[in-house]
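K.L.:
What follows is run_0.cif, mmCIF, C-alpha atoms.
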```
data_coords
loop_
_atom_site.label_atom_id
_atom_site.label_comp_id
_atom_site.auth_asym_id
_atom_site.auth_seq_id
_atom_site.Cartn_x
_atom_site.Cartn_y
_atom_site.Cartn_z
CA MET N 1 136.05 -78.85 158.89
CA ASN N 2 136.98 -81.29 161.66
CA PRO N 3 134.16 -81.07 164.24
CA VAL N 4 136.24 -82.60 167.01
CA LEU N 5 138.86 -79.89 166.78
CA THR N 6 136.45 -76.96 166.49
CA MET N 7 134.02 -77.98 169.24
CA ALA N 8 136.27 -77.25 172.21
CA ALA N 9 136.51 -73.57 171.29
CA LEU N 10 132.74 -73.04 171.45
CA PRO N 11 131.05 -71.99 174.71
CA PRO N 12 129.63 -74.80 176.89
CA LEU N 13 125.93 -75.58 177.00
CA ALA N 14 124.04 -73.66 179.68
CA ALA N 15 123.18 -75.75 182.73
CA VAL N 16 119.48 -76.51 182.28
CA ALA N 17 117.50 -79.48 183.61
CA MET N 18 117.43 -81.86 180.64
CA SER N 19 117.39 -85.54 179.86
CA PHE N 20 120.40 -87.08 178.15
CA SER N 21 118.64 -86.99 174.76
CA GLN N 22 117.65 -83.33 175.17
CA ARG N 23 121.16 -82.43 176.27
CA LEU N 24 122.69 -84.28 173.30
CA ILE N 25 120.40 -82.53 170.79
CA THR N 26 121.01 -79.10 172.29
CA LEU N 27 124.76 -79.60 172.51
CA ARG N 28 124.98 -80.91 168.94
CA ARG N 29 122.98 -77.96 167.62
CA GLU N 30 124.98 -75.43 169.65
CA ARG N 31 128.12 -76.90 168.15
CA GLN N 32 126.51 -76.62 164.69
CA LEU N 33 126.75 -80.33 163.92
CA THR N 34 124.35 -82.49 162.00
CA GLN N 35 123.57 -85.96 163.28
CA GLN N 36 125.88 -87.27 160.56
CA GLY N 37 128.59 -84.84 161.67
CA LEU N 38 128.33 -86.13 165.24
CA ALA N 39 128.39 -89.70 163.95
CA ASP N 40 131.57 -88.95 161.99
CA ALA N 41 133.18 -87.22 164.98
CA THR N 42 132.43 -90.11 167.36
CA GLY N 43 132.54 -93.17 165.13
CA ILE N 44 129.00 -94.04 166.26
CA HIS N 45 126.56 -94.97 163.49
CA VAL N 46 124.18 -92.14 162.60
CA GLN N 47 121.14 -94.37 163.25
CA GLN N 48 122.36 -94.90 166.80
CA ILE N 49 122.79 -91.13 167.27
CA LYS N 50 119.16 -90.74 166.12
CA ARG N 51 118.04 -93.34 168.68
CA TYR N 52 119.93 -91.53 171.46
CA GLU N 53 118.30 -88.24 170.50
CA ALA N 54 114.85 -89.82 170.28
CA GLY N 55 115.34 -91.27 173.76
CA SER N 56 114.64 -94.79 172.50
CA SER N 57 118.15 -96.01 173.31
CA GLN N 58 120.73 -95.24 175.98
CA PRO N 59 124.43 -95.12 175.11
CA SER N 60 126.90 -97.68 176.40
CA ALA N 61 129.82 -96.54 178.52
CA GLU N 62 132.04 -96.68 175.45
CA ALA N 63 129.61 -94.57 173.39
CA LEU N 64 129.33 -92.03 176.22
CA LYS N 65 133.10 -91.78 176.31
CA LYS N 66 133.23 -91.11 172.55
CA ILE N 67 130.51 -88.45 172.76
CA ALA N 68 132.19 -86.76 175.73
CA LYS N 69 135.54 -86.69 173.93
CA ALA N 70 133.98 -85.27 170.76
CA PHE N 71 132.30 -82.45 172.70
CA ALA N 72 135.20 -81.95 175.15
CA VAL N 73 132.92 -82.46 178.17
CA THR N 74 132.84 -85.08 180.91
CA THR N 75 130.52 -88.07 180.88
CA ASP N 76 129.15 -86.83 184.20
CA TRP N 77 128.22 -83.56 182.53
CA LEU N 78 126.35 -85.46 179.81
CA LEU N 79 124.42 -87.60 182.29
CA PHE N 80 123.86 -85.62 185.47
CA GLU N 81 122.32 -82.30 186.39
CA GLU N 82 124.45 -79.62 188.04
CA ALA N 83 124.12 -80.73 191.69
CA GLU N 84 122.66 -84.19 191.17
CA ARG N 85 125.77 -86.06 192.34
CA GLY N 86 127.03 -83.69 194.99
CA PRO N 87 126.05 -83.51 198.65
CA ASP N 88 123.04 -81.53 199.85
CA ASP N 89 123.72 -77.91 200.77
CA ASP N 90 123.90 -78.61 204.51
CA LEU N 91 126.41 -81.43 203.98
CA ARG N 92 128.37 -79.32 201.51
CA LEU N 93 129.01 -76.75 204.26
CA GLN N 94 130.17 -79.50 206.60
CA PHE N 95 132.51 -80.92 203.95
CA GLU N 96 133.93 -77.45 203.39
CA ALA N 97 134.61 -77.22 207.13
CA VAL N 98 136.27 -80.67 207.12
CA ASN N 99 138.43 -79.49 204.23
CA GLN N 100 140.02 -76.99 206.66
CA PHE N 101 141.17 -79.81 208.99
CA ASP N 102 144.78 -80.88 209.18
CA ALA N 103 145.76 -84.26 207.70
CA GLU N 104 145.07 -86.15 210.95
CA GLY N 105 141.61 -84.58 211.33
CA LYS N 106 140.73 -85.34 207.70
CA GLU N 107 141.78 -88.98 208.16
CA LEU N 108 139.62 -89.27 211.28
CA ALA N 109 136.61 -87.72 209.45
CA ARG N 110 137.20 -90.09 206.53
CA GLY N 111 137.19 -93.07 208.90
CA VAL N 112 133.95 -91.97 210.58
CA LEU N 113 132.27 -91.45 207.20
CA GLU N 114 133.49 -94.84 205.96
CA GLY N 115 132.01 -96.50 209.04
CA LEU N 116 128.66 -94.77 208.53
CA ILE N 117 128.62 -95.73 204.85
CA LEU N 118 129.39 -99.38 205.62
CA LYS N 119 126.67 -99.44 208.28
CA HIS N 120 124.16 -98.01 205.79
CA GLN N 121 125.17 -100.49 203.08
CA ALA N 122 124.85 -103.42 205.49
CA LYS N 123 121.40 -102.24 206.56
CA GLN N 124 120.29 -101.89 202.93
CA SER N 125 121.62 -105.35 202.12
CA ILE N 126 119.68 -106.87 205.01
CA LEU N 127 116.50 -105.09 203.91
CA ARG N 128 116.93 -106.30 200.31
CA GLN N 129 117.43 -109.88 201.47
CA ALA N 130 114.39 -109.73 203.76
CA ALA N 131 112.05 -108.30 201.11
CA PRO N 132 112.07 -111.30 198.75
CA ARG N 133 111.37 -113.66 201.67
CA SER N 134 108.22 -111.78 202.65
CA VAL N 135 107.04 -111.84 199.03
CA LYS N 136 107.80 -115.55 198.79
CA SER N 137 106.05 -116.32 202.08
CA THR N 138 102.99 -114.28 201.02
CA THR N 139 102.87 -116.14 197.69
CA ALA N 140 103.23 -119.50 199.46
CA ALA N 141 100.44 -118.60 201.91
CA LYS N 142 98.15 -117.70 199.00
CA ARG N 143 98.90 -121.05 197.35
CA ARG N 144 98.11 -122.96 200.56
CA LYS N 145 94.85 -121.02 200.96
CA THR N 146 93.90 -121.74 197.34
CA ALA N 147 94.71 -125.43 197.78
CA ARG N 148 92.55 -125.60 200.93
CA GLU N 149 89.68 -123.88 199.12
CA ARG N 150 89.94 -126.38 196.26
CA ALA N 151 89.99 -129.28 198.71
CA ARG N 152 86.79 -128.02 200.36
CA ALA N 153 85.00 -127.73 197.03
#
```
Is it possible to give me this structure as structure tokens?

P.N.:
Amino acid sequence: MNPVLTMAALPPLAAVAMSFSQRLITLRRERQLTQQGLADATGIHVQQIKRYEAGSSQPSAEALKKIAKAFAVTTDWLLFEEAERGPDDDLRLQFEAVNQFDAEGKELARGVLEGLILKHQAKQSILRQAAPRSVKSTTAAKRRKTARERARA
């Protein structure tokens, strides 16, 4: 029996909040595969499959691709919960409304969103650059204080 060919016909795993390792175990069992069977279907060593299932190792992008192909699911489905990557409910309604716009309106909305995203990214970049400086200056101040205390002693 070729597990790659027979897996696609089986029903998909129910959407339940699970870690990658839990999802992999459940999916493999639902598809009636052993760890060795999954290893054979993906070309990933069985010991590595065991590490993924134990949660002691995370798959590379290439390994994720092989697992997704073997199970006929997307890599996003393997990694993310149902609504983890989508917009919040309130934004989803707004995006549905924007979807009703004509081409010109959609392009305008896209431009406004792009501007907001760039502004947010610039702000985050500035904050990240400022944070190490404050840590460095705090560390330097502590060193100066310690040096002064030693000099007094």

K.L.:
Measure the distance from CA of Arg23 in chain N to CA of Asp88 in chain N in Å and round it to one decimal.

P.N.:
23.7 Å

K.L.:
In Å, with one decimal, what is the gap from CA of Asp102 in chain N to CA of Gly86 in chain N?

P.N.:
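Between CA of Asp102 in chain N and CA of Gly86 in chain N the gap works out to 22.9 Å.
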
K.L.:
Leaving out Ala39 in chain N and any residue of its chain fewer than 2 positions from it, which residues lie within 10 Å of it when counting all atoms listed in the file, given as a PyMOL selection string?

P.N.:
chain N and resi 33-37+41-50+66-67+70

K.L.:
Taking only C-alpha atoms into account, produce a table as a tab-separated table in which each residue of range 26-63 of chain N with an atom at most 12 Å from an atom of range 76-82 of chain N appears once, together with its shortest atom pair and the distance in Å to one decimal, ordered by chain and rising number.

P.N.:
```
residue	atom	partner	partner_atom	distance
N:Thr26	CA	N:Leu78	CA	11.2
N:Leu27	CA	N:Leu78	CA	9.5
N:Arg28	CA	N:Leu78	CA	11.9
N:Gln58	CA	N:Leu79	CA	10.6
N:Pro59	CA	N:Leu79	CA	10.4
N:Ser60	CA	N:Leu79	CA	11.9
N:Ala61	CA	N:Leu79	CA	11.1
N:Ala63	CA	N:Leu78	CA	11.6
```

K.L.:
What gap, in Å, lies between CA of Arg92 in chain N and CA of Leu116 in chain N?

P.N.:
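Calculated distance between CA of Arg92 in chain N and CA of Leu116 in chain N is 17.0 Å.
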